[in-house]
Structure formats: structure tokens, C-alpha cells
Amino acid sequence: PHGERGALLGAYHRRLVSSDEEEAMRAAASFVSWELVISRLAVPTPAEVESEVANPKFVLPFARTEAHFFVHGGWFEREDQLLHDCERIKHIPVHIVHGRYDCVCRPHMAYQLHQRLPLSNLELTEASGHSGFEANTLLATVKALDGFGAQQL
């Protein structure tokens with residue numbers, strides 16, 4: 001509706017938690033379709049998107065969880081909290097894996113985090129966007145976790 005165009009996230013969230021199941025599913029399918037298209041470097045085909053959003057056991061919980069997270073600002077108390085509070089975790093080894101072509105969370109954000117965490121490594125994965133399920137990002141994540149697992153802490 002015209003009156004909600006300035007607050008799309010709130011409009012989607014209201015529909016996703018609606019008691020009208022058909023309305024919630026329509027909103028979830030639309031929300032997840034958008035997410036799938038922007039989060040991967042290789043844009044999925046319409047058939048792939050349709051296949052993903054056809055599963056109500058996936059699409060509705062995913063959309064509700066993500067919208068809830070966004071509506072609540074990621075549960076941060078302030079916008080710069082993650083970077084500001086790095087001091088609290090600077091003693092923890094961190095391996096940051098980030099898609100080089102991520103247009104949701106830009107690579108410079110990962111670099112800023114890396115600069116504030118002295119025990120961090122930053123790995124920008126080639127041919128990857130935002131999704132943690134792209135092949136290069138998944139491989140780098142598993143490799144980093146294996147590296148942590150092999151360390152004597």
C-alpha cells in the first residue's frame with residue numbers, strides 16, 4: 001500500500017507475523033526471493049528462486065527470523081556497537097571470511113572489523129557475494145574452523 005512505501009521492512013514484518021497464513025506466505029516468498037537474488041554473486045534463475053520459496057518449512061521461518069532481526073536493529077544498542085566494543089574481544093583469535101562481491105555487507109566493513117581485532121585474519125573470498133553458502137565462502141569457513149580445531153588452546 002502507498003502509505004507503507006517509506007517503511008518497507010516494517011510492512012513486511014507485519015505481514016510475516018500476520019495470523020493470515022496466505023498473506024504471511026506471500027510476504028515470505030517475496031522477502032526471500034529478494035534475499036536470494038541480492039545475496040549471491042551468481043543470480044539464481046527464476047526456477048531456482050521458485051524452488052527455494054516453494055518450501056513453507058524454509059521460507060516462512062527464514063523470512064520471519066531475518067525480518068525480526070532487522071526490525072530490532074540486530075539487537076545492538078547503537079549502530080556502531082560492534083566496532084566500538086571490539087576492545088572487549090580483542091584477545092580472541094578471529095578469522096573473518098567475507099565475500100569480495102558482497103553488496104549487502106560491503107567488504108570495507110569486514111576490513112574495519114579486522115583492523116580493530118589484533119588477533120584477526122581477514123579472508124576475502126573470490127567469486128562470492130553475501131551468502132555463506134557460496135562455494136568459496138563455505139570452503140574458506142570450513143578451512144578456518146579446521147584451523148581453529150587443530151590449534152592447542
# chains A, B, ... in the order shown; residues from 1 in each chain; ligands from 1
>>> residues_around(residues="Leu16 of chain A", least_positions_apart="4", cutoff="7 Å", atoms="only C-alpha atoms", output="list in words")
Tyr12, Ala24, Ala27, Ala28 and Arg64 of chain A
>>> write_last_selection(atoms="N, CA, C and O atoms", output="short mmCIF file (atom, residue, chain, number, x, y, z; two decimals), in the first residue's frame")
data_model
loop_
_atom_site.label_atom_id
_atom_site.label_comp_id
_atom_site.auth_asym_id
_atom_site.auth_seq_id
_atom_site.Cartn_x
_atom_site.Cartn_y
_atom_site.Cartn_z
N TYR A 12 6.70 -5.47 5.76
CA TYR A 12 6.93 -6.91 5.59
C TYR A 12 6.81 -7.65 6.92
O TYR A 12 6.19 -8.70 7.02
N ALA A 24 0.97 -14.09 5.03
CA ALA A 24 2.32 -14.32 5.57
C ALA A 24 3.18 -15.06 4.55
O ALA A 24 4.35 -14.72 4.34
N ALA A 27 4.15 -12.74 1.62
CA ALA A 27 5.20 -11.81 2.06
C ALA A 27 6.54 -12.55 2.21
O ALA A 27 7.58 -12.03 1.80
N ALA A 28 6.50 -13.75 2.76
CA ALA A 28 7.73 -14.53 2.95
C ALA A 28 8.36 -14.87 1.61
O ALA A 28 9.57 -14.76 1.43
N ARG A 64 10.77 -14.66 8.64
CA ARG A 64 10.38 -14.12 9.95
C ARG A 64 11.61 -13.82 10.81
O ARG A 64 11.69 -12.78 11.46
#
>>> select_by_dssp(residues="chain A", states="helix (DSSP H, G or I)", output="PyMOL selection string")
chain A and resi 2-4+8-16+21-39+46-53+56-71+73-75+81-89+107-116+135-150
>>> residues_around(residues="His68 of chain A", least_positions_apart="3", cutoff="12 Å", atoms="only C-alpha atoms", output="PyMOL selection string")
chain A and resi 9-17+60-65+71-75
>>> write_last_selection(atoms="N, CA, C and O atoms", output="PDB file, in the first residue's frame")
ATOM      1  N   LEU A   9      10.394  -2.455   5.534  1.00  0.00           N
ATOM      2  CA  LEU A   9      10.738  -3.519   6.472  1.00  0.00           C
ATOM      3  C   LEU A   9       9.628  -3.746   7.493  1.00  0.00           C
ATOM      4  O   LEU A   9       9.225  -4.877   7.745  1.00  0.00           O
ATOM      5  N   GLY A  10       9.108  -2.675   8.046  1.00  0.00           N
ATOM      6  CA  GLY A  10       8.001  -2.795   9.000  1.00  0.00           C
ATOM      7  C   GLY A  10       6.771  -3.391   8.350  1.00  0.00           C
ATOM      8  O   GLY A  10       6.070  -4.211   8.965  1.00  0.00           O
ATOM      9  N   ALA A  11       6.513  -3.017   7.107  1.00  0.00           N
ATOM     10  CA  ALA A  11       5.355  -3.561   6.385  1.00  0.00           C
ATOM     11  C   ALA A  11       5.515  -5.065   6.165  1.00  0.00           C
ATOM     12  O   ALA A  11       4.563  -5.829   6.372  1.00  0.00           O
ATOM     13  N   TYR A  12       6.696  -5.474   5.761  1.00  0.00           N
ATOM     14  CA  TYR A  12       6.928  -6.912   5.591  1.00  0.00           C
ATOM     15  C   TYR A  12       6.812  -7.646   6.922  1.00  0.00           C
ATOM     16  O   TYR A  12       6.191  -8.698   7.017  1.00  0.00           O
ATOM     17  N   HIS A  13       7.419  -7.078   7.953  1.00  0.00           N
ATOM     18  CA  HIS A  13       7.386  -7.738   9.261  1.00  0.00           C
ATOM     19  C   HIS A  13       5.950  -7.935   9.736  1.00  0.00           C
ATOM     20  O   HIS A  13       5.597  -9.019  10.222  1.00  0.00           O
ATOM     21  N   ARG A  14       5.121  -6.923   9.590  1.00  0.00           N
ATOM     22  CA  ARG A  14       3.711  -7.057   9.999  1.00  0.00           C
ATOM     23  C   ARG A  14       3.023  -8.189   9.230  1.00  0.00           C
ATOM     24  O   ARG A  14       2.242  -8.943   9.794  1.00  0.00           O
ATOM     25  N   ARG A  15       3.292  -8.287   7.957  1.00  0.00           N
ATOM     26  CA  ARG A  15       2.668  -9.344   7.152  1.00  0.00           C
ATOM     27  C   ARG A  15       3.233 -10.724   7.500  1.00  0.00           C
ATOM     28  O   ARG A  15       2.516 -11.720   7.514  1.00  0.00           O
ATOM     29  N   LEU A  16       4.517 -10.790   7.776  1.00  0.00           N
ATOM     30  CA  LEU A  16       5.147 -12.072   8.099  1.00  0.00           C
ATOM     31  C   LEU A  16       4.635 -12.666   9.405  1.00  0.00           C
ATOM     32  O   LEU A  16       4.609 -13.887   9.566  1.00  0.00           O
ATOM     33  N   VAL A  17       4.239 -11.815  10.339  1.00  0.00           N
ATOM     34  CA  VAL A  17       3.729 -12.314  11.615  1.00  0.00           C
ATOM     35  C   VAL A  17       2.204 -12.261  11.676  1.00  0.00           C
ATOM     36  O   VAL A  17       1.607 -12.503  12.728  1.00  0.00           O
ATOM     37  N   LEU A  60       9.037 -19.360   5.385  1.00  0.00           N
ATOM     38  CA  LEU A  60       8.391 -18.549   6.421  1.00  0.00           C
ATOM     39  C   LEU A  60       9.290 -18.362   7.649  1.00  0.00           C
ATOM     40  O   LEU A  60       9.490 -17.224   8.090  1.00  0.00           O
ATOM     41  N   PRO A  61       9.879 -19.424   8.216  1.00  0.00           N
ATOM     42  CA  PRO A  61      10.773 -19.198   9.361  1.00  0.00           C
ATOM     43  C   PRO A  61      11.987 -18.331   9.013  1.00  0.00           C
ATOM     44  O   PRO A  61      12.385 -17.480   9.800  1.00  0.00           O
ATOM     45  N   PHE A  62      12.543 -18.532   7.817  1.00  0.00           N
ATOM     46  CA  PHE A  62      13.696 -17.733   7.407  1.00  0.00           C
ATOM     47  C   PHE A  62      13.321 -16.257   7.318  1.00  0.00           C
ATOM     48  O   PHE A  62      14.018 -15.391   7.860  1.00  0.00           O
ATOM     49  N   ALA A  63      12.250 -15.954   6.634  1.00  0.00           N
ATOM     50  CA  ALA A  63      11.825 -14.569   6.462  1.00  0.00           C
ATOM     51  C   ALA A  63      11.471 -13.932   7.803  1.00  0.00           C
ATOM     52  O   ALA A  63      11.831 -12.784   8.075  1.00  0.00           O
ATOM     53  N   ARG A  64      10.765 -14.663   8.643  1.00  0.00           N
ATOM     54  CA  ARG A  64      10.381 -14.116   9.954  1.00  0.00           C
ATOM     55  C   ARG A  64      11.611 -13.823  10.809  1.00  0.00           C
ATOM     56  O   ARG A  64      11.692 -12.776  11.465  1.00  0.00           O
ATOM     57  N   THR A  65      12.551 -14.753  10.821  1.00  0.00           N
ATOM     58  CA  THR A  65      13.766 -14.568  11.630  1.00  0.00           C
ATOM     59  C   THR A  65      14.564 -13.369  11.148  1.00  0.00           C
ATOM     60  O   THR A  65      14.979 -12.518  11.943  1.00  0.00           O
ATOM     61  N   VAL A  71      14.250  -5.580  12.190  1.00  0.00           N
ATOM     62  CA  VAL A  71      13.345  -4.655  12.879  1.00  0.00           C
ATOM     63  C   VAL A  71      13.910  -4.260  14.246  1.00  0.00           C
ATOM     64  O   VAL A  71      13.690  -3.143  14.712  1.00  0.00           O
ATOM     65  N   HIS A  72      14.669  -5.166  14.853  1.00  0.00           N
ATOM     66  CA  HIS A  72      15.234  -4.889  16.172  1.00  0.00           C
ATOM     67  C   HIS A  72      16.695  -4.436  16.092  1.00  0.00           C
ATOM     68  O   HIS A  72      17.423  -4.486  17.091  1.00  0.00           O
ATOM     69  N   GLY A  73      17.135  -4.013  14.925  1.00  0.00           N
ATOM     70  CA  GLY A  73      18.483  -3.462  14.784  1.00  0.00           C
ATOM     71  C   GLY A  73      19.580  -4.434  15.146  1.00  0.00           C
ATOM     72  O   GLY A  73      20.643  -4.024  15.626  1.00  0.00           O
ATOM     73  N   GLY A  74      19.330  -5.723  14.910  1.00  0.00           N
ATOM     74  CA  GLY A  74      20.338  -6.729  15.246  1.00  0.00           C
ATOM     75  C   GLY A  74      20.578  -6.850  16.740  1.00  0.00           C
ATOM     76  O   GLY A  74      21.556  -7.440  17.170  1.00  0.00           O
ATOM     77  N   TRP A  75      19.722  -6.275  17.522  1.00  0.00           N
ATOM     78  CA  TRP A  75      19.802  -6.244  18.985  1.00  0.00           C
ATOM     79  C   TRP A  75      21.007  -5.467  19.483  1.00  0.00           C
ATOM     80  O   TRP A  75      21.432  -5.605  20.624  1.00  0.00           O
TER      81      TRP A  75
END
>>> residues_around(residues="segment 78-89 of chain A", least_positions_apart="4", cutoff="10 Å", atoms="only C-alpha atoms", output="list of chain:residue names")
A:Gly73, A:Gly74, A:Pro93, A:Val94, A:Met109, A:Gln112, A:Leu113, A:His114, A:Gln115, A:Arg116, A:Leu117, A:Pro118, A:Leu119
>>> closest_residue(among="A:Ser33, A:Ile96, A:Phe58, A:Phe76", to="Pro46 of chain A", atoms="only C-alpha atoms")
A:Ser33
